[in-house]
>>> print(open('query-v3.txt').read())   # compact mmCIF, C-alpha atoms and all ligand atoms
# COMPACT_ATOMS: atom_id res chain seq x y z
CA MET A 6 67.92 -28.53 50.54
CA THR A 7 65.74 -30.10 47.79
CA LEU A 8 63.81 -33.06 49.18
CA LEU A 9 61.70 -33.99 46.17
CA ASP A 10 62.68 -33.11 42.63
CA VAL A 11 60.20 -34.24 39.98
CA ARG A 12 61.56 -33.86 36.46
CA ALA A 13 59.55 -34.10 33.25
CA LEU A 14 57.08 -36.65 34.60
CA ARG A 15 54.95 -38.18 31.86
CA THR A 16 52.11 -40.55 32.69
CA THR A 17 49.87 -42.32 30.20
CA PHE A 18 46.77 -44.50 30.48
CA THR A 19 45.46 -47.22 28.25
CA THR A 20 41.74 -46.69 27.80
CA ALA A 21 38.96 -48.30 25.77
CA ASN A 22 39.44 -45.45 23.26
CA GLY A 23 43.19 -45.94 23.00
CA PRO A 24 46.19 -44.45 24.81
CA VAL A 25 45.95 -41.02 26.47
CA THR A 26 48.59 -38.84 28.10
CA ALA A 27 47.55 -37.57 31.54
CA LEU A 28 50.79 -35.78 32.49
CA HIS A 29 52.97 -33.89 30.02
CA ASP A 30 56.47 -33.37 31.42
CA VAL A 31 55.42 -32.20 34.88
CA SER A 32 58.33 -30.77 36.85
CA LEU A 33 58.19 -29.56 40.44
CA HIS A 34 60.43 -29.49 43.49
CA ILE A 35 59.92 -29.27 47.24
CA ASP A 36 62.57 -28.20 49.72
CA ARG A 37 62.80 -29.65 53.21
CA GLY A 38 60.17 -28.16 55.52
CA GLU A 39 58.33 -26.14 52.89
CA THR A 40 54.83 -26.41 51.45
CA LEU A 41 54.20 -26.55 47.72
CA ALA A 42 50.58 -26.27 46.64
CA LEU A 43 49.48 -28.06 43.48
CA VAL A 44 46.34 -26.28 42.39
CA GLY A 45 43.83 -26.61 39.57
CA GLU A 46 40.25 -27.57 38.80
CA SER A 47 38.98 -31.12 39.04
CA GLY A 48 40.48 -33.21 36.21
CA SER A 49 43.71 -31.18 35.89
CA GLY A 50 46.01 -34.08 36.81
CA LYS A 51 46.81 -33.28 40.46
CA SER A 52 45.97 -36.71 41.86
CA VAL A 53 47.64 -38.52 38.95
CA THR A 54 50.80 -36.53 39.78
CA ALA A 55 50.67 -37.64 43.44
CA TYR A 56 49.84 -41.25 42.58
CA SER A 57 52.64 -41.38 40.00
CA ILE A 58 55.18 -40.21 42.60
CA MET A 59 53.85 -42.65 45.23
CA GLY A 60 53.71 -45.66 42.90
CA LEU A 61 49.96 -45.99 43.48
CA LEU A 62 48.65 -45.90 39.89
CA PRO A 63 46.59 -48.85 38.60
CA ARG A 64 49.26 -51.25 37.29
CA ARG A 65 47.37 -52.65 34.35
CA THR A 66 46.36 -49.40 32.67
CA ALA A 67 48.83 -46.75 33.81
CA ARG A 68 52.41 -46.26 32.63
CA ILE A 69 55.10 -43.83 33.67
CA ALA A 70 56.34 -43.01 30.17
CA GLY A 71 59.14 -40.67 31.21
CA GLY A 72 60.74 -38.54 33.87
CA GLN A 73 62.21 -38.89 37.33
CA ALA A 74 61.02 -38.29 40.88
CA LEU A 75 64.19 -37.82 42.91
CA PHE A 76 63.49 -38.14 46.62
CA ASP A 77 66.59 -37.31 48.62
CA GLY A 78 68.52 -38.28 45.49
CA THR A 79 66.76 -41.63 44.86
CA ASP A 80 64.52 -41.94 41.79
CA LEU A 81 61.21 -43.23 43.17
CA LEU A 82 60.01 -44.07 39.66
CA ALA A 83 62.85 -46.57 39.24
CA LEU A 84 62.27 -48.42 42.54
CA ASP A 85 60.71 -51.88 42.63
CA ALA A 86 57.44 -52.41 44.55
CA ARG A 87 59.25 -53.67 47.66
CA ALA A 88 61.62 -50.70 47.91
CA MET A 89 58.72 -48.30 47.36
CA GLN A 90 56.79 -49.96 50.20
CA ASP A 91 59.71 -49.21 52.52
CA ILE A 92 59.41 -45.51 51.70
CA ARG A 93 55.61 -45.18 51.54
CA GLY A 94 54.05 -44.57 54.98
CA ASN A 95 57.54 -44.17 56.34
CA ARG A 96 59.52 -41.35 54.76
CA ILE A 97 56.64 -40.18 52.55
CA ALA A 98 53.05 -40.37 53.82
CA MET A 99 49.82 -39.49 52.09
CA ILE A 100 46.39 -38.35 53.24
CA PHE A 101 43.26 -38.24 51.12
CA GLN A 102 40.02 -36.33 50.76
CA GLU A 103 37.87 -39.16 52.07
CA PRO A 104 39.27 -40.67 55.31
CA MET A 105 36.81 -43.59 55.19
CA SER A 106 38.57 -44.89 52.07
CA ALA A 107 41.91 -44.96 53.91
CA LEU A 108 40.68 -46.24 57.28
CA ASN A 109 39.81 -49.85 58.00
CA PRO A 110 36.13 -49.83 59.10
CA VAL A 111 36.44 -52.92 61.31
CA MET A 112 39.59 -51.97 63.22
CA ARG A 113 39.91 -49.61 66.20
CA ILE A 114 41.76 -46.47 65.20
CA GLY A 115 44.40 -46.90 67.95
CA ASP A 116 45.20 -50.33 66.48
CA GLN A 117 45.40 -48.89 62.94
CA ILE A 118 47.91 -46.28 64.05
CA ALA A 119 49.90 -48.88 65.99
CA GLU A 120 49.96 -51.13 62.93
CA ALA A 121 51.30 -48.27 60.80
CA ILE A 122 54.13 -47.83 63.31
CA ARG A 123 54.95 -51.56 63.51
CA LEU A 124 55.07 -51.83 59.72
CA HIS A 125 58.25 -49.74 59.63
CA ARG A 126 59.60 -49.70 63.21
CA GLN A 127 60.88 -52.44 65.52
CA VAL A 128 58.76 -51.75 68.62
CA THR A 129 56.64 -53.92 70.93
CA ARG A 130 52.84 -53.93 70.73
CA ALA A 131 52.65 -52.03 74.02
CA GLN A 132 55.09 -49.37 72.82
CA ALA A 133 53.19 -48.96 69.55
CA ALA A 134 49.85 -48.66 71.39
CA GLU A 135 51.30 -46.01 73.67
CA ARG A 136 52.77 -44.11 70.74
CA ALA A 137 49.39 -44.30 68.96
CA VAL A 138 47.73 -42.41 71.82
CA GLY A 139 50.58 -39.90 71.73
CA LEU A 140 49.94 -39.34 68.01
CA LEU A 141 46.22 -38.84 68.62
CA GLU A 142 47.19 -36.25 71.20
CA GLN A 143 49.54 -34.63 68.69
CA VAL A 144 46.70 -34.27 66.14
CA ARG A 145 44.56 -32.74 68.91
CA MET A 146 42.03 -35.56 69.03
CA PRO A 147 39.73 -34.88 72.00
CA SER A 148 40.11 -37.58 74.74
CA PRO A 149 42.83 -39.40 72.77
CA ALA A 150 43.13 -42.46 75.03
CA ALA A 151 39.38 -43.10 74.87
CA ARG A 152 39.15 -42.39 71.13
CA ALA A 153 41.91 -44.89 70.40
CA GLY A 154 39.36 -47.59 71.22
CA ASP A 155 36.78 -46.27 68.75
CA TYR A 156 35.99 -47.61 65.29
CA PRO A 157 36.00 -45.09 62.39
CA HIS A 158 32.18 -44.94 62.18
CA GLN A 159 32.05 -43.71 65.78
CA LEU A 160 34.02 -40.58 64.86
CA SER A 161 32.93 -37.31 63.23
CA GLY A 162 34.33 -36.38 59.80
CA GLY A 163 36.87 -34.03 61.36
CA MET A 164 37.98 -36.65 63.91
CA ARG A 165 38.38 -39.25 61.15
CA GLN A 166 40.58 -36.82 59.24
CA ARG A 167 42.64 -36.36 62.45
CA ALA A 168 42.93 -40.15 62.77
CA MET A 169 44.16 -40.42 59.18
CA ILE A 170 46.70 -37.66 59.81
CA ALA A 171 47.87 -39.54 62.93
CA ILE A 172 48.46 -42.65 60.77
CA ALA A 173 50.36 -40.52 58.25
CA LEU A 174 52.56 -39.09 61.02
CA ALA A 175 53.17 -42.53 62.59
CA CYS A 176 56.71 -42.82 61.22
CA ALA A 177 57.55 -39.09 61.23
CA PRO A 178 57.67 -38.67 57.42
CA ASP A 179 59.95 -36.15 55.70
CA LEU A 180 57.19 -35.44 53.20
CA LEU A 181 53.42 -35.44 53.57
CA ILE A 182 51.35 -35.52 50.38
CA ALA A 183 47.88 -34.19 51.20
CA ASP A 184 45.37 -34.71 48.35
CA GLU A 185 42.40 -32.35 48.94
CA PRO A 186 42.59 -33.06 52.70
CA THR A 187 39.81 -30.63 53.63
CA THR A 188 37.53 -30.75 50.58
CA ALA A 189 34.96 -33.11 52.15
CA LEU A 190 34.73 -31.12 55.41
CA ASP A 191 32.50 -28.24 56.48
CA VAL A 192 34.08 -24.78 56.51
CA THR A 193 34.80 -24.68 60.27
CA THR A 194 36.36 -28.15 60.35
CA GLN A 195 38.27 -27.31 57.17
CA ALA A 196 39.92 -24.34 58.91
CA GLN A 197 40.75 -26.47 61.96
CA ILE A 198 42.41 -29.21 59.88
CA LEU A 199 44.43 -26.68 57.86
CA ALA A 200 45.59 -25.01 61.08
CA LEU A 201 46.50 -28.44 62.43
CA LEU A 202 48.56 -29.32 59.34
CA LYS A 203 50.43 -26.02 59.59
CA ARG A 204 51.13 -26.54 63.30
CA LEU A 205 52.28 -30.14 62.77
CA GLN A 206 54.58 -28.97 60.02
CA ALA A 207 56.11 -26.36 62.33
CA GLU A 208 56.52 -29.00 65.06
CA THR A 209 58.00 -31.74 62.89
CA GLY A 210 59.74 -29.87 60.06
CA MET A 211 58.16 -32.12 57.44
CA ALA A 212 57.65 -30.84 53.90
CA MET A 213 54.20 -30.89 52.34
CA LEU A 214 52.76 -31.27 48.86
CA LEU A 215 49.29 -29.82 49.31
CA ILE A 216 46.87 -30.66 46.53
CA THR A 217 43.78 -28.47 46.31
CA HIS A 218 41.37 -26.85 43.88
CA ASP A 219 40.96 -23.98 46.34
CA LEU A 220 43.20 -20.91 46.04
CA GLY A 221 41.93 -19.78 49.46
CA VAL A 222 43.59 -22.85 50.98
CA VAL A 223 46.75 -22.10 49.00
CA ALA A 224 46.89 -18.53 50.30
CA GLU A 225 46.70 -19.71 53.91
CA THR A 226 49.00 -22.68 53.76
CA ALA A 227 51.62 -22.75 51.01
CA ASP A 228 55.00 -21.12 50.34
CA ARG A 229 54.94 -21.74 46.59
CA ALA A 230 52.25 -22.87 44.20
CA ALA A 231 52.21 -24.74 40.91
CA VAL A 232 49.04 -24.23 38.90
CA MET A 233 48.06 -27.21 36.79
CA TYR A 234 45.83 -27.43 33.75
CA ALA A 235 45.16 -30.44 31.51
CA GLY A 236 48.20 -32.34 32.74
CA ARG A 237 50.70 -29.48 32.54
CA ILE A 238 52.09 -26.95 35.00
CA VAL A 239 50.96 -23.63 33.53
CA GLU A 240 52.21 -21.24 36.21
CA HIS A 241 54.55 -21.48 39.15
CA GLY A 242 55.77 -18.98 41.73
CA ASP A 243 55.81 -17.75 45.31
CA VAL A 244 52.29 -17.75 46.70
CA ALA A 245 52.00 -14.11 47.81
CA ASP A 246 53.43 -12.98 44.51
CA LEU A 247 51.39 -15.37 42.38
CA LEU A 248 48.09 -14.50 44.04
CA SER A 249 48.65 -10.75 43.90
CA HIS A 250 49.85 -10.77 40.27
CA PRO A 251 48.89 -13.89 38.30
CA THR A 252 50.37 -13.89 34.79
CA HIS A 253 48.53 -16.91 33.34
CA PRO A 254 44.90 -16.14 32.40
CA TYR A 255 43.90 -19.47 34.00
CA THR A 256 45.37 -18.48 37.39
CA ALA A 257 43.69 -15.08 37.07
CA GLY A 258 40.36 -16.80 36.32
CA LEU A 259 40.71 -19.11 39.35
CA LEU A 260 41.39 -16.07 41.51
CA ALA A 261 38.46 -14.10 40.14
CA SER A 262 36.16 -17.09 40.71
CA LEU A 263 37.41 -17.38 44.29
CA ALA A 264 36.53 -13.76 44.96
CA ILE A 265 32.93 -14.33 43.87
CA GLU A 266 31.96 -17.08 46.31
CA ALA A 267 33.22 -20.17 48.05
CA LEU A 268 32.75 -22.79 45.37
CA PRO A 269 31.92 -26.41 46.12
CA PRO A 270 34.38 -28.93 44.60
CA GLY A 271 33.78 -29.63 40.95
CA ALA A 272 31.56 -26.55 40.55
CA ARG A 273 31.76 -24.61 37.31
CA LEU A 274 33.80 -21.48 37.71
CA PRO A 275 31.79 -18.37 36.88
CA GLU A 276 34.83 -16.51 35.58
CA ILE A 277 36.04 -19.33 33.31
CA PRO A 278 33.43 -20.79 30.96
CA GLY A 279 33.50 -24.54 30.29
CA THR A 280 35.46 -27.31 32.01
CA VAL A 281 38.83 -29.08 31.80
CA PRO A 282 38.80 -31.14 28.54
CA PRO A 283 38.87 -34.94 28.82
CA LEU A 284 42.22 -36.58 27.94
CA SER A 285 40.73 -38.09 24.78
CA ALA A 286 39.71 -34.68 23.41
CA MET A 287 42.62 -32.32 24.07
CA PRO A 288 42.52 -29.31 21.75
CA PRO A 289 45.64 -28.64 19.65
CA GLY A 290 47.82 -25.79 20.89
CA CYS A 291 47.23 -24.49 24.41
CA ALA A 292 44.66 -26.72 26.15
CA PHE A 293 43.22 -23.66 27.89
CA ALA A 294 42.78 -21.60 24.70
CA PRO A 295 39.10 -22.59 24.09
CA ARG A 296 38.20 -21.11 27.52
CA CYS A 297 40.59 -18.17 27.43
CA ALA A 298 39.44 -14.58 26.84
CA HIS A 299 43.02 -13.57 25.89
CA ALA A 300 43.72 -16.30 23.32
CA LEU A 301 45.60 -15.32 20.15
CA PRO A 302 45.41 -17.31 16.87
CA ARG A 303 48.81 -18.80 17.75
CA CYS A 304 47.40 -20.22 21.04
CA ARG A 305 45.17 -22.57 19.05
CA THR A 306 48.04 -24.19 17.17
CA GLU A 307 51.20 -23.96 19.26
CA ILE A 308 51.59 -25.41 22.79
CA PRO A 309 53.26 -22.77 24.98
CA THR A 310 56.31 -23.86 27.01
CA LEU A 311 57.08 -22.74 30.57
CA ARG A 312 59.16 -19.57 30.52
CA ARG A 313 60.87 -18.05 33.51
CA GLU A 314 60.75 -14.38 34.42
CA GLY A 315 62.40 -13.74 37.77
CA GLY A 316 60.91 -16.21 40.24
CA ARG A 317 57.87 -16.80 38.03
CA GLN A 318 57.30 -19.44 35.40
CA THR A 319 54.38 -19.18 32.99
CA ALA A 320 53.33 -21.24 29.98
CA CYS A 321 51.35 -18.73 27.93
CA HIS A 322 51.68 -16.94 24.58
CA ALA A 323 49.79 -13.92 25.90
CA PRO A 324 50.68 -13.62 29.59
CA LEU A 325 49.27 -10.84 31.75
CA SER A 326 52.06 -8.44 32.53
CA LEU A 327 53.76 -8.27 35.89
CA PRO A 328 53.71 -4.86 37.59
CA VAL A 329 56.55 -2.55 36.66
CA ARG A 330 59.47 -2.92 39.06
CA SER A 331 59.73 0.78 39.87
CA ILE A 332 56.24 1.07 41.36
CA PRO A 333 57.07 -0.38 44.82
CA VAL A 334 60.12 1.89 44.99
CA LEU A 335 57.98 4.97 44.30
CA GLU A 336 55.56 3.89 47.02
CA GLU A 337 58.45 3.50 49.42
CA VAL A 338 59.68 7.00 48.66
CA ALA A 339 56.18 8.44 49.12
CA ALA A 340 55.81 6.67 52.50
N1 LIG A 401 43.00 -44.66 35.89
C1 LIG A 401 42.73 -43.75 34.96
N2 LIG A 401 42.49 -44.10 33.67
C2 LIG A 401 42.22 -43.17 32.71
N3 LIG A 401 42.19 -41.86 32.94
C3 LIG A 401 42.40 -41.43 34.21
C4 LIG A 401 42.68 -42.34 35.29
N4 LIG A 401 42.86 -41.62 36.42
C5 LIG A 401 42.70 -40.34 36.08
N5 LIG A 401 42.42 -40.21 34.77
C6 LIG A 401 42.22 -38.95 34.01
O1 LIG A 401 43.34 -38.13 34.22
C7 LIG A 401 42.95 -36.76 34.29
C8 LIG A 401 43.47 -36.15 35.58
O2 LIG A 401 42.79 -36.75 36.67
P1 LIG A 401 43.13 -36.40 38.18
O3 LIG A 401 44.59 -36.40 38.40
O4 LIG A 401 42.33 -37.32 39.04
O5 LIG A 401 42.58 -34.91 38.32
P2 LIG A 401 42.51 -33.99 39.62
O6 LIG A 401 43.09 -34.75 40.78
O7 LIG A 401 43.28 -32.75 39.27
O8 LIG A 401 41.05 -33.68 39.81
C9 LIG A 401 41.44 -36.74 34.15
O9 LIG A 401 41.12 -36.46 32.81
C10 LIG A 401 41.04 -38.15 34.53
O10 LIG A 401 39.85 -38.52 33.90
MG MG A 402 42.18 -35.33 42.56
>>> encode(input="query-v3.txt", output="structure tokens")
Amino acid sequence: MTLLDVRALRTTFTTANGPVTALHDVSLHIDRGETLALVGESGSGKSVTAYSIMGLLPRRTARIAGGQALFDGTDLLALDARAMQDIRGNRIAMIFQEPMSALNPVMRIGDQIAEAIRLHRQVTRAQAAERAVGLLEQVRMPSPAARAGDYPHQLSGGMRQRAMIAIALACAPDLLIADEPTTALDVTTQAQILALLKRLQAETGMAMLLITHDLGVVAETADRAAVMYAGRIVEHGDVADLLSHPTHPYTAGLLASLAIEALPPGARLPEIPGTVPPLSAMPPGCAFAPRCAHALPRCRTEIPTLRREGGRQTACHAPLSLPVRSIPVLEEVAA
């Protein structure tokens, strides 16, 4: 059942100011066909998590200092570059916030999709070209055959995102990692792309790691969510459950901020003062304590570990309490 099982992933960077730890023992798992959301403000470590798993970190400065990323039983972190290339774009595909950074500006999009197919599959040019148009149709590109002949700059932002998704789907991946796939789009296009991803997932059965700073996106798309702060998972649970009863004050703050207004990426959250600390200036104890209205003296000295209560995991010395179990039963009796 488990497709990806990330265990105690630790990633460090060498910087001008010395070594810093970006990920502290990050663990998460994704079953076949399901969607896990990785959520948190800008700078929480979401992209570093994805890049660590995909082997896409800058080689000279980044180091995987510990952990495993078991994909169908194989540890991706232990693979050499060649073996990882066989998996990337094939069994695991990735899409990004900014499609222009992933698309080749001087190549027709039909050719880019065909190239992605031919990289991993033994097919003729003609077969790949035909399949490319089929993929554009699958991602609901308007006039797919005609659009296949376009260059990226001839497409709208939403169409470019569709083209990038078509490239990602080229080899029918088991897992799609989507890093803020709708953040750069207007609200209407955002909703269309999310609906598309959900429909494609239903059609293909692929699993998805959906990275977002937006709990609204999480509510609409994911089965489970892992909330990340300063390089650690601070809360994890089923989405409906997590969003109705957050137990970590950070999750509660993200939710309260969401209720106030749709926030642009990177905006300060009205309900949580301050921002995510830089890696070089992590406070001792809980990294969230300086911004937390519930912090106890202990929170400033002792890093909380993830504790499980039912299906929920929370790393907090002063968690918000879950509703008492008997309440739903009473409601049932009353109804
Ligand atoms: N190549 C790098 N070298 C040094 N620090 C980095 C590098 N990439 C990311 N970071 C730092 O790691 C932290 C997490 O970054 P990132 O994963 O991009 O956050 P998110 O995707 O959640 O917005 C940030 O403090 C960021 O500055
Ligand atoms: Mg990011």
>>> atom_distance(input="query-v3.txt", atom1="CA of Ala119 in chain A", atom2="CA of Gln90 in chain A")
17.3 Å
>>> residues_near_ligand(input="query-v3.txt", ligand="ligand MG 402 (chain A)", cutoff="9 Å", atoms="all atoms listed in the file", output="list in words")
Glu46, Ser47, Gly48, Ser49, Gly50, Lys51, Ser52, Val53, Ala55, Gln102, Asp184, Glu185, Ile216, Thr217 and His218 of chain A
>>> atom_distance(input="query-v3.txt", atom1="CA of Leu327 in chain A", atom2="CA of Pro251 in chain A")
7.8 Å
>>> closest_atom_pairs(input="query-v3.txt", of="chain A", to="ligand LIG 401 (chain A)", cutoff="10 Å", atoms="only C-alpha atoms and all ligand atoms", output="JSON lines")
{"residue": "A:Thr16", "atom": "CA", "partner": "A:LIG401", "partner_atom": "O1", "distance": 9.2}
{"residue": "A:Thr17", "atom": "CA", "partner": "A:LIG401", "partner_atom": "C2", "distance": 8.1}
{"residue": "A:Phe18", "atom": "CA", "partner": "A:LIG401", "partner_atom": "C2", "distance": 5.2}
{"residue": "A:Thr19", "atom": "CA", "partner": "A:LIG401", "partner_atom": "C2", "distance": 6.8}
{"residue": "A:Thr20", "atom": "CA", "partner": "A:LIG401", "partner_atom": "C2", "distance": 6.1}
{"residue": "A:Ala21", "atom": "CA", "partner": "A:LIG401", "partner_atom": "C2", "distance": 9.2}
{"residue": "A:Pro24", "atom": "CA", "partner": "A:LIG401", "partner_atom": "C2", "distance": 8.9}
{"residue": "A:Val25", "atom": "CA", "partner": "A:LIG401", "partner_atom": "N3", "distance": 7.5}
{"residue": "A:Thr26", "atom": "CA", "partner": "A:LIG401", "partner_atom": "O1", "distance": 8.1}
{"residue": "A:Ala27", "atom": "CA", "partner": "A:LIG401", "partner_atom": "O1", "distance": 5.0}
{"residue": "A:Leu28", "atom": "CA", "partner": "A:LIG401", "partner_atom": "C8", "distance": 8.0}
{"residue": "A:Leu43", "atom": "CA", "partner": "A:LIG401", "partner_atom": "O7", "distance": 8.8}
{"residue": "A:Val44", "atom": "CA", "partner": "A:LIG401", "partner_atom": "O7", "distance": 7.8}
{"residue": "A:Gly45", "atom": "CA", "partner": "A:LIG401", "partner_atom": "O7", "distance": 6.2}
{"residue": "A:Glu46", "atom": "CA", "partner": "A:LIG401", "partner_atom": "O7", "distance": 6.0}
{"residue": "A:Ser47", "atom": "CA", "partner": "A:LIG401", "partner_atom": "O8", "distance": 3.4}
{"residue": "A:Gly48", "atom": "CA", "partner": "A:LIG401", "partner_atom": "O5", "distance": 3.4}
{"residue": "A:Ser49", "atom": "CA", "partner": "A:LIG401", "partner_atom": "O7", "distance": 3.8}
{"residue": "A:Gly50", "atom": "CA", "partner": "A:LIG401", "partner_atom": "O3", "distance": 3.2}
{"residue": "A:Lys51", "atom": "CA", "partner": "A:LIG401", "partner_atom": "O7", "distance": 3.8}
{"residue": "A:Ser52", "atom": "CA", "partner": "A:LIG401", "partner_atom": "O6", "distance": 3.6}
{"residue": "A:Val53", "atom": "CA", "partner": "A:LIG401", "partner_atom": "O3", "distance": 3.8}
{"residue": "A:Thr54", "atom": "CA", "partner": "A:LIG401", "partner_atom": "O3", "distance": 6.4}
{"residue": "A:Ala55", "atom": "CA", "partner": "A:LIG401", "partner_atom": "O3", "distance": 8.0}
{"residue": "A:Tyr56", "atom": "CA", "partner": "A:LIG401", "partner_atom": "O3", "distance": 8.3}
{"residue": "A:Ser57", "atom": "CA", "partner": "A:LIG401", "partner_atom": "O3", "distance": 9.6}
{"residue": "A:Leu62", "atom": "CA", "partner": "A:LIG401", "partner_atom": "N1", "distance": 7.0}
{"residue": "A:Pro63", "atom": "CA", "partner": "A:LIG401", "partner_atom": "N1", "distance": 6.1}
{"residue": "A:Arg64", "atom": "CA", "partner": "A:LIG401", "partner_atom": "N1", "distance": 9.2}
{"residue": "A:Arg65", "atom": "CA", "partner": "A:LIG401", "partner_atom": "N1", "distance": 9.2}
{"residue": "A:Thr66", "atom": "CA", "partner": "A:LIG401", "partner_atom": "N2", "distance": 6.6}
{"residue": "A:Ala67", "atom": "CA", "partner": "A:LIG401", "partner_atom": "N1", "distance": 6.5}
{"residue": "A:Asp184", "atom": "CA", "partner": "A:LIG401", "partner_atom": "O6", "distance": 7.9}
{"residue": "A:Glu185", "atom": "CA", "partner": "A:LIG401", "partner_atom": "O6", "distance": 8.5}
{"residue": "A:Ile216", "atom": "CA", "partner": "A:LIG401", "partner_atom": "O6", "distance": 8.0}
{"residue": "A:Thr217", "atom": "CA", "partner": "A:LIG401", "partner_atom": "O7", "distance": 8.3}
{"residue": "A:His218", "atom": "CA", "partner": "A:LIG401", "partner_atom": "O7", "distance": 7.7}
{"residue": "A:Met233", "atom": "CA", "partner": "A:LIG401", "partner_atom": "O7", "distance": 7.7}
{"residue": "A:Tyr234", "atom": "CA", "partner": "A:LIG401", "partner_atom": "O7", "distance": 8.1}
{"residue": "A:Ala235", "atom": "CA", "partner": "A:LIG401", "partner_atom": "C8", "distance": 7.2}
{"residue": "A:Gly236", "atom": "CA", "partner": "A:LIG401", "partner_atom": "C8", "distance": 6.7}
{"residue": "A:Pro270", "atom": "CA", "partner": "A:LIG401", "partner_atom": "O8", "distance": 9.5}
{"residue": "A:Gly271", "atom": "CA", "partner": "A:LIG401", "partner_atom": "O8", "distance": 8.4}
{"residue": "A:Val281", "atom": "CA", "partner": "A:LIG401", "partner_atom": "O9", "distance": 7.8}
{"residue": "A:Pro282", "atom": "CA", "partner": "A:LIG401", "partner_atom": "O9", "distance": 7.2}
{"residue": "A:Pro283", "atom": "CA", "partner": "A:LIG401", "partner_atom": "O9", "distance": 4.8}
{"residue": "A:Leu284", "atom": "CA", "partner": "A:LIG401", "partner_atom": "O9", "distance": 5.0}
{"residue": "A:Ser285", "atom": "CA", "partner": "A:LIG401", "partner_atom": "O9", "distance": 8.2}
{"residue": "A:Ala286", "atom": "CA", "partner": "A:LIG401", "partner_atom": "O9", "distance": 9.7}
{"residue": "A:Met287", "atom": "CA", "partner": "A:LIG401", "partner_atom": "O9", "distance": 9.8}
>>> residues_around(input="query-v3.txt", residues="Leu259 in chain A", least_positions_apart="3", cutoff="8 Å", atoms="all atoms listed in the file", output="list in words")
Leu220, Tyr255, Thr256, Ser262, Leu263, Leu274, Glu276 and Ile277 of chain A
>>> residues_around(input="query-v3.txt", residues="Ser249 in chain A", least_positions_apart="2", cutoff="12 Å", atoms="all atoms listed in the file", output="PyMOL selection string")
chain A and resi 220+224+242-247+251-252+256-257+260-261+327-328
>>> closest_residue(input="query-v3.txt", among="A:Asp155, A:Gly72, A:Arg229, A:Ile58", to="His29 in chain A", atoms="all atoms listed in the file")
A:Gly72
>>> atom_distance(input="query-v3.txt", atom1="CA of Ser148 in chain A", atom2="CA of Leu160 in chain A")
12.0 Å
>>> closest_residue(input="query-v3.txt", among="A:Ile170, A:Leu8, A:Cys321, A:Ile35", to="Ala227 in chain A", atoms="only C-alpha atoms")
A:Ile35
>>> residues_near_point(input="query-v3.txt", point="(44.5, -42.4, 60.7)", cutoff="12 Å", atoms="all atoms listed in the file", output="PyMOL selection string")
chain A and resi 94+98-101+103-110+112-122+137-138+140-141+144+146+152-153+155-157+160+162-175
>>> residues_near_point(input="query-v3.txt", point="(50.9, -29.6, 22.6)", cutoff="9 Å", atoms="all atoms listed in the file", output="number ranges by chain")
A: 29, 287-292, 306-309
>>> residues_around(input="query-v3.txt", residues="Asn95 in chain A", least_positions_apart="4", cutoff="7 Å", atoms="all atoms listed in the file", output="list of chain:residue names")
A:Asp91, A:His125, A:Cys176, A:Pro178
>>> closest_residue(input="query-v3.txt", among="A:Asp10, A:Glu208, A:Asp30, A:Glu142", to="Leu81 in chain A", atoms="all atoms listed in the file")
A:Asp10
>>> axis_aligned_box(input="query-v3.txt", around="range 142-150 of chain A", padding_each_side="4 Å", output="AutoDock Vina command-line options")
--center_x 44.6 --center_y -37.6 --center_z 70.6 --size_x 17.8 --size_y 17.7 --size_z 16.9
>>> closest_residue(input="query-v3.txt", among="A:Arg126, A:Arg87, A:Arg313, A:Arg96", to="Gly60 in chain A", atoms="all atoms listed in the file")
A:Arg87
>>> build_atoms(input="query-v3.txt", residues="range 78-86 of chain A", atoms="N, CA and C atoms", output="short mmCIF file (atom, residue, chain, number, x, y, z; two decimals), keeping the file's coordinate frame")
data_model
loop_
_atom_site.label_atom_id
_atom_site.label_comp_id
_atom_site.auth_asym_id
_atom_site.auth_seq_id
_atom_site.Cartn_x
_atom_site.Cartn_y
_atom_site.Cartn_z
N GLY A 78 67.54 -37.74 46.43
CA GLY A 78 68.52 -38.28 45.49
C GLY A 78 68.16 -39.61 44.86
N THR A 79 67.16 -40.33 45.41
CA THR A 79 66.76 -41.63 44.86
C THR A 79 65.57 -41.46 43.93
N ASP A 80 65.64 -42.05 42.73
CA ASP A 80 64.52 -41.94 41.79
C ASP A 80 63.42 -42.92 42.17
N LEU A 81 62.32 -42.38 42.72
CA LEU A 81 61.21 -43.23 43.17
C LEU A 81 60.61 -44.02 42.01
N LEU A 82 60.65 -43.44 40.81
CA LEU A 82 60.01 -44.07 39.66
C LEU A 82 60.78 -45.32 39.21
N ALA A 83 62.03 -45.43 39.65
CA ALA A 83 62.85 -46.57 39.24
C ALA A 83 62.88 -47.67 40.31
N LEU A 84 62.23 -47.43 41.46
CA LEU A 84 62.27 -48.42 42.54
C LEU A 84 61.32 -49.58 42.26
N ASP A 85 61.67 -50.78 42.74
CA ASP A 85 60.71 -51.88 42.63
C ASP A 85 59.67 -51.74 43.74
N ALA A 86 58.60 -52.55 43.65
CA ALA A 86 57.44 -52.41 44.55
C ALA A 86 57.87 -52.52 46.02
#
